[in-house]
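*Asks:* I have a structure here, written as structure tokens, and I will follow up with some questions on it.
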Amino acid sequence: MKVYRFENDYDYKDLTFLNKEDVRLFSTFKGQEITLDWNAEVFGISEDKLDKGKLLDFDSRCYGATFIVKKKFEKLFIEEFSDIIETFPIKIKGIPEEFIYINVTNVVAAINFDGLDIQESLAMLREENIRFNLEKIENETLFRDSKISFYFCTQKFKDFIEKIGINGLYFKEVGRAKREAE
């Protein structure tokens with residue numbers, strides 16, 4: 001079974017946090033439910049010279065464990081994934097459309113680090129040849145690993161995104177799920 005990490009499609013403009021405290025705050029979201037007072041305006045459009053000529057009309061962006069989607073898709077996400085996500089309003093300075101932050105609360109011990117030392121584990125992650133435990137994710141669609149908080153998904157989630165026509169994401173195969181005995 002193929003496993004993907006989704007990230008930004010770099011044909012579209014990047015976002016930037018408006019202040020450093022938000023960078024630190026979002027880095028603490030590792031799949032736990034969020035109970036703090038929510039500040040919706042945390043992003044702006046990157047004006048970096050590398051963004052010159054890139055498209056602004058994106059539906060979604062994802063940075064590590066920060067996943068946002070236009071609010072118009074919220075109902076579809078809730079219908080499909082209500083038991084494994086939370087949504088929060090997000091405003092992007094300079095864009096009038098509303099977005100939502102999707103916090104994936106489905107945390108699974110998905111990556112098989114058995115028999116690997118720290119150097120081998122890092123090499124596996126860096127080379128994007130990650131060993132996933134099929135027993136842990138065979139019924140999953142969208143999840144975080146218990147040690148690596150990036151968002152991972154299976155073909156079913158990729159198909160969901162393509163079916164509803166969300167642009168702005170790129171799905172990168174980062175490993176395969178096999179039974180532990182294989």
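Letters for chains follow the order of the structure tokens (A, B, ...), residue numbers begin at 1 for each chain, and ligand numbers begin at 1 in the order shown.
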DSSP on the backbone: which residues in region 63-108 of chain A end up as helix (DSSP H, G or I)? Give the answer as a VMD selection string.
*Replies:* chain A and resid 71 to 81
*Asks:* Next, the residues of the selection above should be written as a short mmCIF file (atom, residue, chain, number, x, y, z; two decimals), in the first residue's frame with N, CA, C and O atoms.
*Replies:*
data_model
loop_
_atom_site.label_atom_id
_atom_site.label_comp_id
_atom_site.auth_asym_id
_atom_site.auth_seq_id
_atom_site.Cartn_x
_atom_site.Cartn_y
_atom_site.Cartn_z
N LYS A 71 -12.79 27.55 3.24
CA LYS A 71 -13.96 27.23 4.09
C LYS A 71 -15.08 26.57 3.30
O LYS A 71 -15.80 25.74 3.85
N LYS A 72 -15.20 26.86 2.03
CA LYS A 72 -16.29 26.27 1.23
C LYS A 72 -16.21 24.74 1.17
O LYS A 72 -17.19 24.09 0.86
N PHE A 73 -15.06 24.16 1.51
CA PHE A 73 -14.91 22.70 1.52
C PHE A 73 -15.11 22.09 2.92
O PHE A 73 -15.06 20.87 3.08
N GLU A 74 -15.33 22.93 3.93
CA GLU A 74 -15.39 22.45 5.31
C GLU A 74 -16.44 21.36 5.50
O GLU A 74 -16.18 20.32 6.14
N LYS A 75 -17.63 21.56 4.97
CA LYS A 75 -18.71 20.58 5.16
C LYS A 75 -18.31 19.21 4.61
O LYS A 75 -18.57 18.18 5.24
N LEU A 76 -17.65 19.18 3.47
CA LEU A 76 -17.22 17.91 2.88
C LEU A 76 -16.21 17.21 3.76
O LEU A 76 -16.26 15.99 3.94
N PHE A 77 -15.27 17.97 4.34
CA PHE A 77 -14.28 17.38 5.24
C PHE A 77 -14.93 16.86 6.50
O PHE A 77 -14.61 15.76 6.98
N ILE A 78 -15.88 17.61 7.04
CA ILE A 78 -16.56 17.17 8.27
C ILE A 78 -17.40 15.92 7.99
O ILE A 78 -17.40 14.98 8.79
N GLU A 79 -18.10 15.89 6.86
CA GLU A 79 -18.89 14.71 6.51
C GLU A 79 -18.02 13.47 6.39
O GLU A 79 -18.39 12.39 6.82
N GLU A 80 -16.84 13.62 5.82
CA GLU A 80 -15.97 12.47 5.56
C GLU A 80 -15.06 12.10 6.74
O GLU A 80 -14.77 10.93 6.95
N PHE A 81 -14.63 13.10 7.51
CA PHE A 81 -13.59 12.85 8.51
C PHE A 81 -13.91 13.39 9.90
O PHE A 81 -13.01 13.64 10.70
#
*Asks:* What lies within 9 Å of Ser146 (chain A) using only C-alpha atoms, ignoring chain neighbours under 5 positions off, as a ChimeraX atom specification?
*Replies:* /A:30-31,107-111
*Asks:* How far is it from CA of Asn106 (chain A) to CA of Arg179 (chain A), in Å with one decimal?
*Replies:*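 One can read the CA of Asn106 (chain A) to CA of Arg179 (chain A) distance as 20.4 Å.
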*Asks:* Could you pull out all residues of chain A with a DSSP call of strand (DSSP E) and give them as an MDAnalysis selection string?
*Replies:* chainID A and resid 2:8 15:17 41:45 60:63 66:70 85:93 95:104 107:108 130:133 142:145 151:153 169:178
*Asks:* Can you list, as a VMD selection string, every protein, DNA or RNA residue that comes within 8 Å of region 122-133 of chain A when you count only C-alpha atoms, leaving out same-chain residues fewer than 5 positions away?
*Replies:* chain A and resid 3 110 to 113 173 to 180
*Asks:* Let me see the file: selected residues, N, CA, C and O atoms, as a PDB file, in the first residue's frame.
*Replies:*
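Result went into out03.pdb, see below:
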ATOM      1  N   VAL A   3       1.900   5.096   0.671  1.00  0.00           N
ATOM      2  CA  VAL A   3       1.590   6.123   1.663  1.00  0.00           C
ATOM      3  C   VAL A   3       2.184   7.430   1.163  1.00  0.00           C
ATOM      4  O   VAL A   3       3.315   7.468   0.661  1.00  0.00           O
ATOM      5  N   ALA A 110       2.411   4.540  13.060  1.00  0.00           N
ATOM      6  CA  ALA A 110       2.390   4.028  11.694  1.00  0.00           C
ATOM      7  C   ALA A 110       3.761   3.638  11.157  1.00  0.00           C
ATOM      8  O   ALA A 110       3.888   2.688  10.392  1.00  0.00           O
ATOM      9  N   ILE A 111       4.796   4.373  11.528  1.00  0.00           N
ATOM     10  CA  ILE A 111       6.127   4.133  10.972  1.00  0.00           C
ATOM     11  C   ILE A 111       6.816   3.021  11.758  1.00  0.00           C
ATOM     12  O   ILE A 111       6.830   3.033  12.981  1.00  0.00           O
ATOM     13  N   ASN A 112       7.384   2.093  11.021  1.00  0.00           N
ATOM     14  CA  ASN A 112       8.074   0.959  11.624  1.00  0.00           C
ATOM     15  C   ASN A 112       9.564   1.288  11.756  1.00  0.00           C
ATOM     16  O   ASN A 112      10.307   1.236  10.782  1.00  0.00           O
ATOM     17  N   PHE A 113       9.975   1.617  12.972  1.00  0.00           N
ATOM     18  CA  PHE A 113      11.381   1.906  13.250  1.00  0.00           C
ATOM     19  C   PHE A 113      12.105   0.680  13.838  1.00  0.00           C
ATOM     20  O   PHE A 113      13.274   0.781  14.197  1.00  0.00           O
ATOM     21  N   GLU A 173       4.758  10.317  -2.738  1.00  0.00           N
ATOM     22  CA  GLU A 173       4.868   8.985  -2.145  1.00  0.00           C
ATOM     23  C   GLU A 173       6.134   8.957  -1.296  1.00  0.00           C
ATOM     24  O   GLU A 173       7.225   9.255  -1.771  1.00  0.00           O
ATOM     25  N   VAL A 174       5.966   8.615  -0.010  1.00  0.00           N
ATOM     26  CA  VAL A 174       7.104   8.612   0.917  1.00  0.00           C
ATOM     27  C   VAL A 174       7.397   7.234   1.481  1.00  0.00           C
ATOM     28  O   VAL A 174       8.348   7.068   2.251  1.00  0.00           O
ATOM     29  N   GLY A 175       6.588   6.253   1.110  1.00  0.00           N
ATOM     30  CA  GLY A 175       6.847   4.912   1.597  1.00  0.00           C
ATOM     31  C   GLY A 175       5.724   3.971   1.266  1.00  0.00           C
ATOM     32  O   GLY A 175       4.767   4.331   0.585  1.00  0.00           O
ATOM     33  N   ARG A 176       5.901   2.766   1.764  1.00  0.00           N
ATOM     34  CA  ARG A 176       4.901   1.730   1.539  1.00  0.00           C
ATOM     35  C   ARG A 176       4.595   1.042   2.859  1.00  0.00           C
ATOM     36  O   ARG A 176       5.453   0.922   3.717  1.00  0.00           O
ATOM     37  N   ALA A 177       3.361   0.599   2.968  1.00  0.00           N
ATOM     38  CA  ALA A 177       2.940  -0.142   4.157  1.00  0.00           C
ATOM     39  C   ALA A 177       2.996  -1.623   3.848  1.00  0.00           C
ATOM     40  O   ALA A 177       2.468  -2.077   2.823  1.00  0.00           O
ATOM     41  N   LYS A 178       3.657  -2.350   4.738  1.00  0.00           N
ATOM     42  CA  LYS A 178       3.742  -3.801   4.608  1.00  0.00           C
ATOM     43  C   LYS A 178       3.451  -4.411   5.958  1.00  0.00           C
ATOM     44  O   LYS A 178       3.613  -3.777   6.985  1.00  0.00           O
ATOM     45  N   ARG A 179       3.057  -5.652   5.927  1.00  0.00           N
ATOM     46  CA  ARG A 179       2.865  -6.375   7.173  1.00  0.00           C
ATOM     47  C   ARG A 179       4.226  -6.514   7.844  1.00  0.00           C
ATOM     48  O   ARG A 179       5.240  -6.636   7.193  1.00  0.00           O
ATOM     49  N   GLU A 180       4.240  -6.487   9.160  1.00  0.00           N
ATOM     50  CA  GLU A 180       5.492  -6.541   9.900  1.00  0.00           C
ATOM     51  C   GLU A 180       6.319  -7.765   9.563  1.00  0.00           C
ATOM     52  O   GLU A 180       7.539  -7.717   9.598  1.00  0.00           O
TER      53      GLU A 180
END
*Asks:* One decimal, in Å: what's the spacing between CA of Trp38 (chain A) and CA of Arg24 (chain A)?
*Replies:*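 Between CA of Trp38 (chain A) and CA of Arg24 (chain A) the gap works out to 14.3 Å.
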*Asks:* Please identify all polymer residues within 8 Å of Ile68 (chain A), counting only C-alpha atoms, omitting same-chain residues fewer than 4 positions from it, and present them as an NGL selection string.
*Replies:* :A and (60-62 or 90 or 99-102)
*Asks:* If you count only C-alpha atoms, which residues fall within 7 Å of region 158-167 of chain A, apart from same-chain ones fewer than 4 positions away, as number ranges by chain?
*Replies:* A: 58-60, 154
*Asks:* Could you save the residues just selected, with all heavy atoms, as a short mmCIF file (atom, residue, chain, number, x, y, z; two decimals), in the first residue's frame?
*Replies:*
data_model
loop_
_atom_site.label_atom_id
_atom_site.label_comp_id
_atom_site.auth_asym_id
_atom_site.auth_seq_id
_atom_site.Cartn_x
_atom_site.Cartn_y
_atom_site.Cartn_z
N PHE A 58 -5.32 29.50 -4.87
CA PHE A 58 -5.21 28.14 -4.34
C PHE A 58 -6.39 27.85 -3.42
O PHE A 58 -6.98 28.75 -2.85
CB PHE A 58 -3.88 27.94 -3.59
CG PHE A 58 -3.62 28.98 -2.54
CD1 PHE A 58 -4.22 28.89 -1.29
CD2 PHE A 58 -2.77 30.05 -2.79
CE1 PHE A 58 -3.99 29.85 -0.31
CE2 PHE A 58 -2.53 31.01 -1.82
CZ PHE A 58 -3.14 30.91 -0.59
N ASP A 59 -6.69 26.55 -3.30
CA ASP A 59 -7.74 26.11 -2.39
C ASP A 59 -7.17 25.61 -1.08
O ASP A 59 -7.87 25.53 -0.07
CB ASP A 59 -8.55 24.96 -3.01
CG ASP A 59 -9.31 25.37 -4.25
OD1 ASP A 59 -9.82 26.51 -4.29
OD2 ASP A 59 -9.40 24.55 -5.18
N SER A 60 -5.89 25.20 -1.09
CA SER A 60 -5.30 24.59 0.08
C SER A 60 -3.79 24.80 0.09
O SER A 60 -3.17 24.93 -0.95
CB SER A 60 -5.61 23.09 0.08
OG SER A 60 -5.10 22.48 1.24
N THR A 154 -3.38 7.95 2.62
CA THR A 154 -3.39 6.84 1.68
C THR A 154 -4.07 7.30 0.39
O THR A 154 -4.54 8.44 0.29
CB THR A 154 -4.13 5.63 2.28
OG1 THR A 154 -5.47 6.02 2.60
CG2 THR A 154 -3.42 5.13 3.54
#
*Asks:* What does the distance between CA of Gly44 (chain A) and CA of Lys93 (chain A) come to in Å, to one decimal place?
*Replies:*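 Between CA of Gly44 (chain A) and CA of Lys93 (chain A) the gap works out to 4.6 Å.
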*Asks:* Measuring between only C-alpha atoms, which one of A:Ala40, A:Leu169, A:Ile45, A:Ala65 shows the shortest distance to Ser27 (chain A)?
*Replies:*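 Ranking A:Ala40, A:Leu169, A:Ile45, A:Ala65 by distance to Ser27 (chain A), first place goes to A:Ala65.
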*Asks:* Which residue out of A:Glu98, A:Asp117, A:Asp48, A:Glu33 has the minimum interatomic distance to Ile85 (chain A) when only C-alpha atoms are used?
*Replies:*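 Using only C-alpha atoms, Ile85 (chain A) sits closest to A:Glu33.
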*Asks:* Return the single residue from A:Thr66, A:Thr87, A:Thr16, A:Leu56 that is closest to Ile34 (chain A), with distances computed using only C-alpha atoms.
*Replies:*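 Of A:Thr66, A:Thr87, A:Thr16, A:Leu56, the one nearest Ile34 (chain A) is A:Thr87, counting only C-alpha atoms.
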